[in-house]
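Below: start-v1.txt (compact mmCIF, C-alpha atoms)
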```
# COMPACT_ATOMS: atom_id res chain seq x y z
CA MET A 1 -10.12 -67.36 32.04
CA THR A 2 -7.66 -70.20 32.58
CA PRO A 3 -5.79 -70.48 35.92
CA SER A 4 -2.43 -69.95 34.20
CA ALA A 5 -3.64 -66.70 32.69
CA SER A 6 -4.73 -65.32 36.05
CA LEU A 7 -1.41 -66.39 37.60
CA GLU A 8 0.48 -64.55 34.89
CA GLN A 9 -1.69 -61.52 35.57
CA SER A 10 -1.02 -61.58 39.28
CA ASN A 11 2.72 -61.43 38.53
CA ARG A 12 2.23 -58.56 36.17
CA PHE A 13 0.19 -56.63 38.69
CA THR A 14 2.87 -56.68 41.43
CA HIS A 15 4.07 -53.29 40.20
CA PHE A 16 0.81 -51.50 40.80
CA CYS A 17 1.33 -48.19 42.55
CA ASP A 18 -1.14 -46.39 44.73
CA LEU A 19 -3.54 -43.98 43.12
CA ILE A 20 -4.18 -41.14 45.53
CA ALA A 21 -6.57 -38.21 45.31
CA HIS A 22 -5.47 -35.30 47.51
CA ASN A 23 -8.18 -32.89 48.66
CA VAL A 24 -10.01 -32.81 45.35
CA SER A 25 -12.94 -30.42 45.03
CA CYS A 26 -15.20 -30.01 42.09
CA GLU A 27 -18.15 -27.82 41.31
CA ARG A 28 -20.49 -27.72 38.35
CA ASP A 29 -22.78 -24.77 37.61
CA ASP A 30 -22.12 -23.19 41.05
CA ARG A 31 -23.06 -26.43 42.77
CA ILE A 32 -20.41 -28.20 44.84
CA LEU A 33 -20.22 -31.89 43.93
CA PHE A 34 -17.54 -32.80 46.44
CA GLU A 35 -15.09 -30.83 48.53
CA ASN A 36 -11.67 -31.78 49.95
CA LEU A 37 -12.18 -35.38 49.10
CA SER A 38 -9.15 -37.60 49.67
CA LEU A 39 -9.05 -41.16 48.47
CA THR A 40 -6.34 -43.80 48.37
CA VAL A 41 -6.71 -46.68 45.98
CA GLN A 42 -4.36 -49.59 46.64
CA LYS A 43 -3.52 -52.87 45.00
CA GLY A 44 -6.36 -55.33 45.40
CA ASP A 45 -9.01 -52.69 46.15
CA LEU A 46 -12.51 -52.77 44.75
CA ILE A 47 -14.09 -49.38 45.31
CA GLN A 48 -17.68 -48.65 44.39
CA LEU A 49 -18.84 -45.06 44.20
CA VAL A 50 -22.47 -44.76 45.22
CA GLY A 51 -24.85 -41.85 45.45
CA PRO A 52 -27.95 -40.40 43.83
CA ASN A 53 -28.04 -39.23 40.20
CA GLY A 54 -26.09 -36.04 39.67
CA ALA A 55 -23.98 -36.57 42.80
CA GLY A 56 -20.74 -36.44 40.83
CA LYS A 57 -19.82 -40.12 40.59
CA THR A 58 -18.87 -39.94 36.92
CA THR A 59 -17.04 -36.65 37.48
CA LEU A 60 -14.93 -38.19 40.25
CA LEU A 61 -14.27 -41.26 38.13
CA ARG A 62 -13.20 -39.17 35.15
CA LEU A 63 -10.85 -37.03 37.17
CA MET A 64 -9.29 -40.14 38.76
CA ALA A 65 -8.86 -41.46 35.21
CA GLY A 66 -7.12 -38.24 34.19
CA LEU A 67 -9.77 -37.32 31.63
CA ASN A 68 -11.07 -34.29 33.46
CA GLN A 69 -8.74 -31.52 34.55
CA ASP A 70 -11.37 -29.05 35.65
CA PHE A 71 -11.03 -29.47 39.44
CA GLN A 72 -9.05 -28.33 42.44
CA GLY A 73 -6.63 -30.65 44.19
CA GLU A 74 -4.31 -33.29 42.79
CA VAL A 75 -4.45 -36.91 41.79
CA HIS A 76 -1.18 -38.79 42.19
CA TRP A 77 -0.03 -42.08 40.83
CA HIS A 78 3.40 -43.40 41.67
CA GLY A 79 3.79 -40.26 43.81
CA GLU A 80 3.53 -38.07 40.74
CA ASN A 81 0.69 -35.97 39.38
CA ILE A 82 -1.13 -38.11 36.81
CA GLN A 83 -1.12 -35.30 34.26
CA ARG A 84 2.67 -35.29 34.37
CA CYS A 85 3.06 -39.04 33.86
CA TYR A 86 -0.13 -39.42 31.85
CA GLN A 87 1.22 -41.74 29.16
CA ASP A 88 2.63 -44.23 31.70
CA TYR A 89 -0.52 -43.99 33.75
CA ALA A 90 -2.79 -44.48 30.71
CA ARG A 91 -1.06 -47.78 29.92
CA GLN A 92 -1.78 -49.04 33.43
CA ARG A 93 -5.49 -48.34 33.56
CA LEU A 94 -8.48 -49.28 31.49
CA TYR A 95 -11.35 -46.79 31.33
CA ILE A 96 -14.78 -47.81 30.09
CA GLY A 97 -17.28 -44.98 30.23
CA HIS A 98 -21.02 -45.19 29.69
CA LEU A 99 -20.39 -44.22 26.07
CA SER A 100 -19.12 -47.52 24.79
CA ALA A 101 -17.13 -46.24 21.76
CA ILE A 102 -18.58 -49.09 19.69
CA LYS A 103 -18.84 -48.28 15.98
CA LYS A 104 -22.13 -49.70 14.76
CA VAL A 105 -21.11 -50.51 11.19
CA LEU A 106 -18.15 -52.56 12.38
CA THR A 107 -18.26 -56.10 13.70
CA PRO A 108 -17.49 -56.96 17.35
CA LEU A 109 -14.12 -58.35 16.27
CA GLU A 110 -13.17 -55.16 14.40
CA ASN A 111 -14.26 -53.02 17.33
CA LEU A 112 -12.24 -55.10 19.77
CA ARG A 113 -9.22 -55.01 17.49
CA TRP A 114 -9.28 -51.22 17.58
CA PHE A 115 -9.54 -51.13 21.36
CA VAL A 116 -6.42 -53.24 21.86
CA SER A 117 -4.33 -51.66 19.10
CA SER A 118 -2.17 -49.91 21.72
CA TRP A 119 -1.19 -53.29 23.13
CA PRO A 120 0.75 -55.13 20.42
CA GLU A 121 1.22 -58.17 22.69
CA VAL A 122 -2.50 -59.02 22.46
CA LYS A 123 -2.98 -61.77 19.90
CA GLU A 124 -5.84 -62.26 17.46
CA ALA A 125 -6.74 -65.59 19.10
CA ASP A 126 -7.21 -63.77 22.43
CA LEU A 127 -9.85 -61.56 20.83
CA TRP A 128 -11.82 -64.52 19.51
CA GLN A 129 -11.56 -66.19 22.93
CA ALA A 130 -12.72 -62.99 24.67
CA LEU A 131 -15.76 -62.70 22.42
CA ALA A 132 -16.57 -66.35 23.05
CA ASP A 133 -16.28 -65.69 26.82
CA VAL A 134 -18.85 -62.89 26.64
CA THR A 135 -21.16 -65.34 24.81
CA LEU A 136 -20.80 -63.62 21.46
CA ALA A 137 -19.39 -66.66 19.68
CA GLY A 138 -20.93 -66.74 16.22
CA TYR A 139 -21.51 -62.97 16.23
CA GLU A 140 -17.87 -62.05 15.45
CA ASP A 141 -18.71 -60.99 11.90
CA VAL A 142 -22.15 -59.43 12.44
CA PRO A 143 -22.24 -55.61 12.34
CA CYS A 144 -22.84 -54.22 15.83
CA GLN A 145 -25.98 -52.36 14.74
CA GLN A 146 -27.68 -55.75 14.47
CA LEU A 147 -26.80 -56.59 18.07
CA SER A 148 -28.92 -55.69 21.09
CA ALA A 149 -27.84 -53.00 23.56
CA GLY A 150 -26.78 -55.68 26.02
CA GLN A 151 -24.71 -57.47 23.40
CA GLN A 152 -23.00 -54.20 22.44
CA ARG A 153 -22.20 -53.66 26.11
CA ARG A 154 -20.65 -57.14 26.15
CA VAL A 155 -18.42 -56.20 23.22
CA ALA A 156 -17.15 -53.21 25.22
CA LEU A 157 -16.69 -55.36 28.31
CA ALA A 158 -14.74 -58.00 26.36
CA ARG A 159 -11.86 -55.53 26.62
CA LEU A 160 -11.56 -56.46 30.30
CA LEU A 161 -10.38 -59.91 29.24
CA VAL A 162 -7.78 -58.83 26.70
CA THR A 163 -6.28 -55.59 28.04
CA PRO A 164 -3.43 -56.31 30.44
CA THR A 165 -3.93 -53.37 32.82
CA PRO A 166 -3.98 -53.60 36.63
CA LEU A 167 -6.40 -50.70 37.18
CA TRP A 168 -9.94 -50.80 35.85
CA ILE A 169 -12.09 -47.68 35.96
CA LEU A 170 -15.64 -48.57 34.98
CA ASP A 171 -18.58 -46.19 34.73
CA GLU A 172 -21.93 -47.99 35.09
CA PRO A 173 -20.72 -51.21 33.46
CA PHE A 174 -23.85 -53.15 34.41
CA THR A 175 -26.13 -51.05 32.17
CA ALA A 176 -28.20 -53.18 29.75
CA LEU A 177 -26.67 -56.48 30.90
CA ASP A 178 -28.93 -59.45 31.57
CA LYS A 179 -28.75 -61.66 34.68
CA GLU A 180 -26.02 -63.90 33.29
CA GLY A 181 -24.08 -60.87 32.12
CA VAL A 182 -24.26 -59.29 35.58
CA ALA A 183 -23.09 -62.53 37.20
CA TRP A 184 -20.27 -62.81 34.66
CA LEU A 185 -19.10 -59.25 35.28
CA GLU A 186 -19.24 -59.67 39.08
CA ASP A 187 -17.14 -62.79 38.66
CA GLN A 188 -14.61 -60.89 36.51
CA LEU A 189 -14.36 -58.11 39.10
CA ALA A 190 -13.78 -60.64 41.90
CA ARG A 191 -11.12 -62.47 39.86
CA HIS A 192 -9.35 -59.27 38.90
CA VAL A 193 -9.16 -58.10 42.51
CA ALA A 194 -8.06 -61.56 43.68
CA ALA A 195 -5.27 -61.51 41.08
CA GLY A 196 -3.93 -58.27 42.53
CA GLY A 197 -5.77 -55.91 40.24
CA THR A 198 -7.72 -52.85 41.29
CA VAL A 199 -11.20 -51.71 40.34
CA LEU A 200 -12.87 -48.32 40.67
CA ILE A 201 -16.52 -48.55 39.69
CA THR A 202 -19.75 -46.57 39.75
CA SER A 203 -22.94 -48.56 39.81
CA HIS A 204 -26.39 -48.59 41.31
CA HIS A 205 -26.17 -52.34 41.31
CA ALA A 206 -25.44 -53.88 44.72
CA LEU A 207 -22.21 -55.84 44.35
CA SER A 208 -22.53 -58.86 46.60
CA ASP A 209 -19.98 -61.07 48.35
CA ILE A 210 -16.71 -59.58 47.15
CA PRO A 211 -14.64 -59.24 50.32
CA ALA A 212 -12.40 -56.42 49.07
CA LEU A 213 -15.39 -54.16 48.35
CA ARG A 214 -15.37 -50.62 49.80
CA TYR A 215 -17.99 -47.92 49.29
CA ILE A 216 -17.49 -44.21 48.76
CA GLU A 217 -20.73 -42.34 49.15
CA LEU A 218 -21.18 -39.06 47.31
CA GLY A 219 -24.01 -36.57 47.39
CA MET A 220 -23.91 -35.50 51.05
CA HIS A 221 -23.83 -31.83 50.01
CA LYS A 222 -27.11 -30.08 49.66
CA MET B 1 -0.19 -51.43 15.05
CA SER B 2 -0.46 -48.18 16.93
CA LEU B 3 -3.78 -46.62 17.80
CA VAL B 4 -3.31 -43.90 15.16
CA THR B 5 -2.86 -46.29 12.24
CA ALA B 6 -5.62 -48.49 13.64
CA THR B 7 -7.94 -45.46 13.73
CA ILE B 8 -7.09 -44.42 10.17
CA LYS B 9 -7.76 -47.97 8.98
CA ARG B 10 -10.97 -48.19 10.97
CA ASP B 11 -12.29 -44.86 9.65
CA LEU B 12 -11.55 -45.91 6.09
CA VAL B 13 -13.43 -49.19 6.63
CA ILE B 14 -16.38 -47.24 8.06
CA ALA B 15 -16.32 -44.90 5.04
CA ALA B 16 -16.25 -47.90 2.70
CA ARG B 17 -19.36 -49.32 4.38
CA ASN B 18 -21.13 -45.93 4.42
CA PRO B 19 -20.48 -44.75 0.86
CA GLY B 20 -23.09 -41.97 1.18
CA GLU B 21 -20.80 -40.14 3.58
CA TRP B 22 -18.18 -39.40 0.93
CA LEU B 23 -20.25 -39.77 -2.26
CA ASN B 24 -22.54 -36.91 -1.22
CA PRO B 25 -19.89 -34.14 -1.46
CA LEU B 26 -18.62 -35.68 -4.67
CA MET B 27 -22.13 -35.60 -6.15
CA PHE B 28 -22.46 -31.97 -5.06
CA PHE B 29 -19.21 -31.18 -6.88
CA LEU B 30 -20.46 -32.96 -9.99
CA MET B 31 -23.82 -31.18 -9.92
CA VAL B 32 -22.34 -27.70 -9.55
CA LEU B 33 -20.04 -28.27 -12.51
CA ALA B 34 -22.84 -29.79 -14.58
CA LEU B 35 -25.37 -27.02 -13.82
CA PHE B 36 -23.08 -24.02 -14.11
CA PRO B 37 -22.81 -24.01 -17.91
CA LEU B 38 -26.61 -24.31 -18.11
CA ALA B 39 -27.21 -21.32 -15.89
CA VAL B 40 -24.64 -18.93 -17.36
CA ASP B 41 -23.63 -18.20 -20.92
CA PRO B 42 -22.78 -21.57 -22.54
CA ASP B 43 -20.29 -19.89 -24.86
CA PRO B 44 -17.08 -22.04 -24.68
CA ASN B 45 -14.76 -19.03 -24.50
CA PHE B 46 -16.68 -17.53 -21.61
CA LEU B 47 -16.72 -20.87 -19.76
CA ALA B 48 -12.98 -21.31 -20.30
CA LYS B 49 -12.40 -17.95 -18.62
CA ILE B 50 -14.36 -18.77 -15.44
CA ALA B 51 -13.56 -22.52 -15.31
CA ALA B 52 -10.63 -22.22 -12.89
CA GLY B 53 -12.62 -20.25 -10.34
CA VAL B 54 -15.78 -22.34 -10.58
CA VAL B 55 -13.95 -25.67 -10.18
CA TRP B 56 -12.03 -24.38 -7.17
CA VAL B 57 -15.08 -22.86 -5.47
CA ALA B 58 -17.04 -26.09 -6.02
CA ALA B 59 -14.17 -28.15 -4.57
CA LEU B 60 -13.95 -25.88 -1.53
CA LEU B 61 -17.69 -25.94 -0.81
CA SER B 62 -17.98 -29.68 -1.22
CA THR B 63 -15.11 -30.12 1.26
CA LEU B 64 -17.00 -27.90 3.69
CA LEU B 65 -20.02 -30.17 3.27
CA SER B 66 -18.23 -33.21 4.64
CA LEU B 67 -16.44 -31.43 7.51
CA ASP B 68 -19.33 -31.20 9.94
CA SER B 69 -19.29 -34.91 10.69
CA LEU B 70 -15.52 -35.22 11.05
CA PHE B 71 -15.45 -35.43 14.86
CA LYS B 72 -19.15 -35.41 15.72
CA ALA B 73 -19.72 -39.17 15.61
CA ASP B 74 -16.53 -39.78 17.58
CA VAL B 75 -17.58 -37.34 20.29
CA GLU B 76 -21.07 -38.81 20.53
CA ASP B 77 -20.17 -42.49 20.72
CA GLY B 78 -17.24 -42.05 23.12
CA THR B 79 -14.46 -42.86 20.65
CA LEU B 80 -12.76 -39.55 21.40
CA GLU B 81 -12.91 -40.21 25.12
CA GLN B 82 -11.11 -43.50 24.51
CA TRP B 83 -8.46 -41.68 22.48
CA LEU B 84 -7.84 -39.36 25.35
CA ALA B 85 -7.89 -42.29 27.77
CA SER B 86 -5.32 -44.17 25.70
CA GLY B 87 -2.68 -41.55 26.44
CA GLU B 88 -1.52 -41.53 22.82
CA SER B 89 -0.55 -38.19 21.32
CA LEU B 90 -3.56 -36.14 20.30
CA TYR B 91 -1.32 -34.34 17.80
CA ALA B 92 -0.79 -37.54 15.83
CA MET B 93 -4.48 -38.34 16.16
CA ALA B 94 -5.48 -34.97 14.70
CA LEU B 95 -3.09 -35.46 11.82
CA GLY B 96 -4.47 -38.96 11.25
CA LYS B 97 -8.05 -37.73 11.26
CA ALA B 98 -7.27 -34.95 8.76
CA PHE B 99 -5.49 -37.50 6.57
CA THR B 100 -8.53 -39.80 6.62
CA HIS B 101 -10.78 -36.89 5.76
CA TRP B 102 -8.55 -35.97 2.83
CA CYS B 103 -8.56 -39.59 1.60
CA ILE B 104 -12.35 -39.63 1.41
CA SER B 105 -12.95 -36.02 0.27
CA GLY B 106 -9.92 -34.25 -1.21
CA LEU B 107 -8.37 -37.19 -2.99
CA PRO B 108 -11.49 -38.24 -4.97
CA LEU B 109 -12.08 -34.55 -5.84
CA THR B 110 -8.52 -34.20 -7.13
CA ILE B 111 -8.98 -37.28 -9.27
CA VAL B 112 -12.35 -36.41 -10.80
CA ALA B 113 -11.82 -32.64 -11.14
CA PRO B 114 -9.79 -32.82 -14.40
CA LEU B 115 -12.51 -35.04 -15.90
CA LEU B 116 -15.30 -32.68 -14.89
CA ALA B 117 -13.36 -29.57 -15.89
CA LEU B 118 -13.95 -30.76 -19.43
CA MET B 119 -17.57 -29.66 -19.00
CA MET B 120 -16.33 -26.17 -18.16
CA ASN B 121 -14.13 -26.16 -21.25
CA LEU B 122 -10.97 -25.65 -19.18
CA PRO B 123 -8.04 -24.68 -21.47
CA GLU B 124 -5.91 -27.67 -22.39
CA ASN B 125 -2.70 -26.56 -20.71
CA ALA B 126 -4.44 -25.87 -17.38
CA TYR B 127 -5.19 -29.53 -16.57
CA SER B 128 -1.90 -30.34 -14.88
CA ALA B 129 -2.10 -27.08 -12.92
CA LEU B 130 -5.63 -28.00 -11.81
CA PHE B 131 -4.54 -31.45 -10.69
CA PHE B 132 -1.47 -30.25 -8.78
CA SER B 133 -3.15 -27.23 -7.23
CA LEU B 134 -5.93 -29.49 -5.90
CA LEU B 135 -3.42 -32.11 -4.79
CA LEU B 136 -1.63 -29.47 -2.68
CA GLY B 137 -4.72 -27.43 -1.78
CA THR B 138 -7.27 -30.03 -0.65
CA PRO B 139 -5.09 -31.38 2.21
CA ILE B 140 -4.89 -27.80 3.52
CA LEU B 141 -8.69 -27.59 3.37
CA SER B 142 -8.93 -30.81 5.40
CA LEU B 143 -6.36 -29.67 7.97
CA LEU B 144 -7.87 -26.20 8.49
CA GLY B 145 -11.35 -27.72 8.44
CA ALA B 146 -10.36 -30.14 11.19
CA VAL B 147 -9.73 -27.15 13.48
CA GLY B 148 -13.26 -25.86 12.88
CA ALA B 149 -14.78 -29.33 13.17
CA ALA B 150 -12.97 -29.91 16.48
CA LEU B 151 -14.14 -26.57 17.86
CA THR B 152 -17.77 -27.18 16.92
CA ALA B 153 -17.91 -30.93 17.63
CA GLY B 154 -19.85 -30.42 20.84
CA VAL B 155 -22.32 -27.91 19.37
CA ARG B 156 -25.65 -29.37 18.29
CA SER B 157 -26.02 -27.56 14.97
CA GLY B 158 -22.45 -26.50 14.43
CA GLY B 159 -22.60 -26.50 10.64
CA LEU B 160 -23.22 -22.79 10.25
CA LEU B 161 -20.71 -21.88 12.94
CA LEU B 162 -18.17 -24.13 11.27
CA SER B 163 -18.57 -22.33 7.93
CA LEU B 164 -18.20 -18.95 9.64
CA VAL B 165 -15.02 -20.03 11.40
CA ILE B 166 -13.45 -21.75 8.44
CA LEU B 167 -14.36 -19.76 5.31
CA PRO B 168 -12.08 -16.78 6.07
CA LEU B 169 -9.19 -19.20 6.53
CA TYR B 170 -10.01 -20.87 3.22
CA THR B 171 -9.85 -17.70 1.11
CA PRO B 172 -6.04 -17.59 0.61
CA ILE B 173 -6.06 -21.22 -0.54
CA LEU B 174 -8.88 -20.44 -2.98
CA ILE B 175 -7.08 -17.38 -4.35
CA PHE B 176 -3.75 -19.12 -4.92
CA GLY B 177 -5.34 -22.35 -6.19
CA ALA B 178 -7.66 -20.71 -8.69
CA SER B 179 -4.98 -18.27 -9.79
CA ALA B 180 -2.55 -21.12 -10.53
CA VAL B 181 -5.13 -22.77 -12.79
CA TYR B 182 -6.10 -19.49 -14.46
CA HIS B 183 -2.51 -18.52 -15.18
CA ALA B 184 -1.75 -21.96 -16.58
CA GLY B 185 -4.77 -21.49 -18.87
CA ILE B 186 -3.41 -18.27 -20.34
CA GLU B 187 0.04 -19.84 -20.71
CA MET B 188 1.71 -17.98 -17.89
CA GLU B 189 4.02 -19.17 -15.14
CA TYR B 190 2.09 -20.80 -12.28
CA LEU B 191 4.82 -22.49 -10.22
CA GLY B 192 4.84 -19.53 -7.84
CA GLN B 193 1.23 -20.14 -6.81
CA LEU B 194 1.89 -23.86 -6.38
CA GLY B 195 4.92 -22.98 -4.27
CA PHE B 196 2.70 -20.86 -2.01
CA LEU B 197 0.22 -23.72 -1.70
CA ALA B 198 3.06 -26.12 -0.82
CA SER B 199 4.33 -23.80 1.90
CA PHE B 200 0.78 -23.36 3.25
CA LEU B 201 0.50 -27.13 3.36
CA CYS B 202 3.72 -27.46 5.36
CA MET B 203 2.50 -24.84 7.80
CA ALA B 204 -0.94 -26.40 8.14
CA MET B 205 0.56 -29.86 8.68
CA THR B 206 2.78 -28.68 11.52
CA LEU B 207 0.51 -26.16 13.22
CA THR B 208 -3.17 -27.15 12.88
CA PRO B 209 -2.86 -30.45 14.80
CA PHE B 210 -1.98 -28.41 17.93
CA ALA B 211 -5.19 -26.40 17.54
CA VAL B 212 -7.24 -29.54 16.87
CA ALA B 213 -5.79 -31.33 19.90
CA GLY B 214 -6.49 -28.32 22.10
CA ALA B 215 -10.05 -27.94 20.88
CA LEU B 216 -10.81 -31.63 21.33
CA LYS B 217 -9.40 -31.62 24.87
CA LEU B 218 -11.59 -28.65 25.67
CA ASN B 219 -14.62 -30.47 24.28
CA LEU B 220 -13.96 -33.57 26.37
CA SER B 221 -13.05 -32.09 29.72
CA ARG B 222 -16.64 -31.23 30.50
```
How does the structure come out when it is put into structure tokens?
Amino acid sequence: MTPSASLEQSNRFTHFCDLIAHNVSCERDDRILFENLSLTVQKGDLIQLVGPNGAGKTTLLRLMAGLNQDFQGEVHWHGENIQRCYQDYARQRLYIGHLSAIKKVLTPLENLRWFVSSWPEVKEADLWQALADVTLAGYEDVPCQQLSAGQQRRVALARLLVTPTPLWILDEPFTALDKEGVAWLEDQLARHVAAGGTVLITSHHALSDIPALRYIELGMHK
Amino acid sequence: MSLVTATIKRDLVIAARNPGEWLNPLMFFLMVLALFPLAVDPDPNFLAKIAAGVVWVAALLSTLLSLDSLFKADVEDGTLEQWLASGESLYAMALGKAFTHWCISGLPLTIVAPLLALMMNLPENAYSALFFSLLLGTPILSLLGAVGAALTAGVRSGGLLLSLVILPLYTPILIFGASAVYHAGIEMEYLGQLGFLASFLCMAMTLTPFAVAGALKLNLSR
């Protein structure tokens, strides 16, 4: 990413509003995942949810993203319940789940084009540049089924470069990435936070040397 | 380009690269109409009498054949989750999906049905009635079918369940469609039946997307 691009982003991100979870509780199959959990996410935060498998990391992430409404408590953005201002909220956050939504018969470029179709300001050249940045230059026109799992993950992650949203919500984004990919993604997270963006992430990967990093540990209930 | 038009375009490209997906139901339709005269009395007058019903039943069943996969792939690869995350109207999405399904199932059927009805010795003056009744009727089959497909998208073998849910809803369409063709064949007025189909289509277009959106939301909030 060029310095001018990140500067432009930092201006755009000045309007980020706090995302606040008020006393959220969630249970699955009579098992309490978390209870009365309150969480404030502010501009420039990088929050990593950690905990053993089945601790409810993805559930918490999905309810913060507004995708899951099966819980008690409220999640507010801009002081308003996210379900009530969902369309505005959805334009301010990018959600990448562990299902990558990549269509295998389509090429990386076609997949990326679909992802950004809600943002008309994104130009075609940006997509090519993003694919080059995730080291997929030369693969733009190869169907995704011929790419490896790691390469498909890179296609999904290329959205981080082209979608102009201040809040990133990422569920296990490091899955299937190689060493360079992991380093690249860590670098992107650090840049995004430094530019005034915000990241909410679940991962078993230890994120090193990003000063803004905070941990939320789940799975204390037995 | 909005996400809805981008999705329609993307699904059509996928269908073009996976021709089996939409050729299969079409082949089924062809085979039923080719085998029927062999199995029953090949007397032209007898065939002419049952042609309207057989063509309509074959069209209905072949539509049912392609419904199962309408939302399944999108649920499994996370595309639906991204729809929900995008904050765009699920109503428009449902309408777009049904439209795509009609383009790859109902529309080809409508086009080839008059050609294949020749094998059933359909009376000469029933051809326009057949074409128009299918043109109005097949979109209703896609719209109603989308409700069933959305409800059963999360079920592993939802095909049988889907037929059980949808077939009762299909019967009025079958009755009015086949009766329009039959009445045209015996030189009677058939505009009334077409009028009923047109009003059903208006109702299905306005109401079923609500049901589809609700069912999909239910499927995803788990």
For a quick test of understanding: name the residues of chain A lying within 9 Å of chain B when counting all atoms listed in the file, and present them as number ranges by chain. A: 59, 62, 65-70, 86-91, 93-103, 105-106, 110-111, 113-120
Gap from atom CA of A:Leu161 to atom CA of A:Cys144 - Å, one decimal: 19.2 Å
Can you tell me which residues surround B:Ala126 at a distance of at most 6 Å, considering all atoms listed in the file, apart from same-chain residues fewer than 6 positions away, and format the answer as a list of chain:residue names?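 With the cut-off at 6 Å, the set is B:Val181, B:Ala184, B:Gly185.
Relative to atom CA of B:Pro114, atom CA of B:Phe131 is found at 6.6 Å.
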Mind pulling up the distance from atom CA of A:Trp168 to atom CA of A:Gln72? 23.4 Å
Quick one: everything within 6 Å of stretch 55-63 of chain B, counting only C-alpha atoms, minus sequence neighbours fewer than 6 positions away in the same chain. Send it as an mmCIF file with C-alpha atoms, keeping the file's coordinate frame.
```
data_model
loop_
_atom_site.group_PDB
_atom_site.id
_atom_site.type_symbol
_atom_site.label_atom_id
_atom_site.label_comp_id
_atom_site.auth_asym_id
_atom_site.auth_seq_id
_atom_site.Cartn_x
_atom_site.Cartn_y
_atom_site.Cartn_z
ATOM 1 C CA PRO B 25 -19.890 -34.140 -1.460
ATOM 2 C CA PHE B 29 -19.210 -31.180 -6.880
ATOM 3 C CA ALA B 178 -7.660 -20.710 -8.690
#
```
